[in-house]
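Chemist: The following block contains the structure, expressed as structure tokens.
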Amino acid sequence: MKRSLLSYLLTLLCAMTAFGVQAADTAKAAPKGDAARGQPIASTVCGACHGPDGNSPLAVNPKLAGQHSDYLLKQMKNFKPADGKQPERVNPIMNGMIAAFDEGQMRDLAAYFAAQKQTGETAKNRDTIELGQKLYRGGDQAKGLPACAACHGPAGAGIPAQYPRIGGQHAEYTEAQLKGFREGSRANDPNKMMRMVALKMTDVEIKAVSDYIAGLR
């Protein structure tokens with residue numbers, strides 16, 4: 001199957017970036033979290049919104065089960081206020097929830113959720129499946145929209161730690177994040193990559209690809 005030059009170049013960029021991140025992580029030799037220590041915190045503090053095993057029962061809250069631990073840790077750090085400055089990722093609920101945890105506890109939570117098995121969602125809108133699949137697999141070269149699969153993989157598994165697992169995620173949550181990137185209310189993506197992608201997408205395209213992603217395995 002032929003791929004557009006745009007998709008090929010983006011795939012190469014993603015691979016190079018991911019390799020750089022992994023090499024840096026290896027060099028730092030950062031300590032890994034302990035899933036057993038993270039479980040009590042996840043069950044008592046995080047479970048109400050994300051489910052005790054990370055499979056959120058509410059579509060507005062993301063599924064954390066099976067997500068890459070390094071990505072989860074990055075998001076928690078981005079939510080956490082530091083030195084009196086506004087957190088990199090602003091969310092009144094999460095900013096307050098994560099404020100009390102130190103880095104060790106965040107690593108433990110990330111390890112716990114990463115070790116859980118995700119119960120995936122399903123695509124619900126038959127009328128937009130074709131459009132969602134087209135955008136996810138091939139993007140839209142005419143307007144410079146890259147394929148989602150270039151960085152997130154054909155099944156939405158992502159590339160640790162830079163690109164998250166998105167397959168099986170609640171469509172409503174994915175849609176909200178894409179719109180947040182497009183509007184600039186979410187701005188913690190490296191090199192503005194997701195903001196540049198989302199700016200090229202219409203509401204119809206965002207909804208279609210979000211629904212398609214929900215059914216990926």
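In the structure tokens, each chain is lettered A, B, ... as it comes, each chain's residues begin at 1, and ligands are numbered from 1 in order of appearance.
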So that I can see what lies close to A:Ala36, please list as number ranges by chain the residues with an atom at most 10 Å from it, counting only C-alpha atoms and leaving out residues fewer than 2 positions away in the same chain.

Modeler: A: 33-34, 38-41, 108-109, 111-112

Chemist: For the residues in that selection, give me N, CA and C atoms as a PDB file, in the first residue's frame.

Modeler:
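What ended up in out-v8.pdb:
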ATOM      1  N   GLY A  33       8.026   3.246  38.898  1.00  0.00           N
ATOM      2  CA  GLY A  33       7.070   3.207  39.989  1.00  0.00           C
ATOM      3  C   GLY A  33       6.749   1.787  40.416  1.00  0.00           C
ATOM      4  N   ASP A  34       6.053   1.683  41.526  1.00  0.00           N
ATOM      5  CA  ASP A  34       5.648   0.396  42.084  1.00  0.00           C
ATOM      6  C   ASP A  34       4.129   0.298  41.993  1.00  0.00           C
ATOM      7  N   GLY A  38       0.878   1.882  44.151  1.00  0.00           N
ATOM      8  CA  GLY A  38      -0.058   2.790  43.496  1.00  0.00           C
ATOM      9  C   GLY A  38      -1.503   2.352  43.614  1.00  0.00           C
ATOM     10  N   GLN A  39      -1.737   1.059  43.805  1.00  0.00           N
ATOM     11  CA  GLN A  39      -3.102   0.533  43.813  1.00  0.00           C
ATOM     12  C   GLN A  39      -4.012   1.152  44.879  1.00  0.00           C
ATOM     13  N   PRO A  40      -3.581   1.277  46.142  1.00  0.00           N
ATOM     14  CA  PRO A  40      -4.472   1.873  47.143  1.00  0.00           C
ATOM     15  C   PRO A  40      -4.849   3.317  46.819  1.00  0.00           C
ATOM     16  N   ILE A  41      -3.900   4.067  46.275  1.00  0.00           N
ATOM     17  CA  ILE A  41      -4.197   5.460  45.902  1.00  0.00           C
ATOM     18  C   ILE A  41      -5.179   5.483  44.742  1.00  0.00           C
ATOM     19  N   ASP A 108       4.195   5.673  41.060  1.00  0.00           N
ATOM     20  CA  ASP A 108       3.481   4.463  41.485  1.00  0.00           C
ATOM     21  C   ASP A 108       2.109   4.379  40.819  1.00  0.00           C
ATOM     22  N   LEU A 109       1.413   5.508  40.751  1.00  0.00           N
ATOM     23  CA  LEU A 109       0.112   5.534  40.090  1.00  0.00           C
ATOM     24  C   LEU A 109       0.253   5.202  38.607  1.00  0.00           C
ATOM     25  N   ALA A 111       2.577   3.454  37.184  1.00  0.00           N
ATOM     26  CA  ALA A 111       2.904   2.031  37.048  1.00  0.00           C
ATOM     27  C   ALA A 111       1.668   1.164  37.231  1.00  0.00           C
ATOM     28  N   TYR A 112       0.818   1.542  38.177  1.00  0.00           N
ATOM     29  CA  TYR A 112      -0.389   0.753  38.440  1.00  0.00           C
ATOM     30  C   TYR A 112      -1.339   0.786  37.239  1.00  0.00           C
TER      31      TYR A 112
END

Chemist: Enumerate the residues of chain A with a DSSP assignment of strand (DSSP E or B), computed from the backbone, and present them as an mmCIF file with C-alpha atoms, in the first residue's frame.

Modeler:
data_model
loop_
_atom_site.group_PDB
_atom_site.id
_atom_site.type_symbol
_atom_site.label_atom_id
_atom_site.label_comp_id
_atom_site.auth_asym_id
_atom_site.auth_seq_id
_atom_site.Cartn_x
_atom_site.Cartn_y
_atom_site.Cartn_z
ATOM 1 C CA ALA A 82 5.023 24.217 40.746
ATOM 2 C CA LYS A 85 3.239 29.055 38.433
ATOM 3 C CA ASP A 140 -5.735 14.483 4.140
ATOM 4 C CA LEU A 145 -3.361 16.809 7.632
ATOM 5 C CA ILE A 159 4.777 5.007 21.009
ATOM 6 C CA TYR A 163 2.674 9.319 21.866
#

Chemist: Based on the backbone DSSP call, show me all residues of chain A assigned alpha helix (DSSP H), as a PyMOL selection string.

Modeler: chain A and resi 5-28+35-41+47-50+69-79+92-98+103-114+129-138+149-152+171-183+193-198+203-214

Chemist: Between A:Ile98, A:Leu135, A:Met201, A:Leu72, which one has atoms that come closest to A:Ala161, using only C-alpha atoms?

Modeler: A:Leu72

Chemist: So, with only C-alpha atoms as the atoms that count, which of A:Thr44, A:Thr128, A:Gln162, A:Thr119 lies closest to A:Gly66?

Modeler: A:Thr119

Chemist: For atom CA of A:Met94 and atom CA of A:Gly158, quote the distance in Å rounded to one decimal.

Modeler: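 Interatomic distance, atom CA of A:Met94 to atom CA of A:Gly158: 23.2 Å.
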
Chemist: Rounded to one decimal place, report the atom CA of A:Ser185-atom CA of A:Lys63 distance in Å.

Modeler: 20.6 Å

Chemist: Work out how far atom CA of A:Asp203 is from atom CA of A:Ala147, in Å to one decimal.

Modeler: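 Separating atom CA of A:Ala147 from atom CA of A:Asp203 is a distance of 16.8 Å.
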
Chemist: Looking at only C-alpha atoms, which of A:Pro52, A:Pro190, A:Gly132, A:Gly104 is the one that sits closest to A:Cys148?

Modeler: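 Smallest distance to A:Cys148 is found for A:Gly132.
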
Chemist: Residues at most 8 Å from A:Ala214, counting only C-alpha atoms, excluding those fewer than 6 positions away in the same chain, as a list in words?

Modeler: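 So, after excluding close chain neighbours, the residues are Gly120, Glu121, Thr122, Ala123, Ile166, Gly167, Gly168, Gln169, His170 and Ala171 of chain A.
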
Chemist: List the spatial neighbours of A:Ala149 as number ranges by chain - criterion: any atom at most 10 Å away, only C-alpha atoms, same-chain residues fewer than 2 positions off excluded.

Modeler: A: 7, 10-11, 133, 135-139, 146-147, 151-158
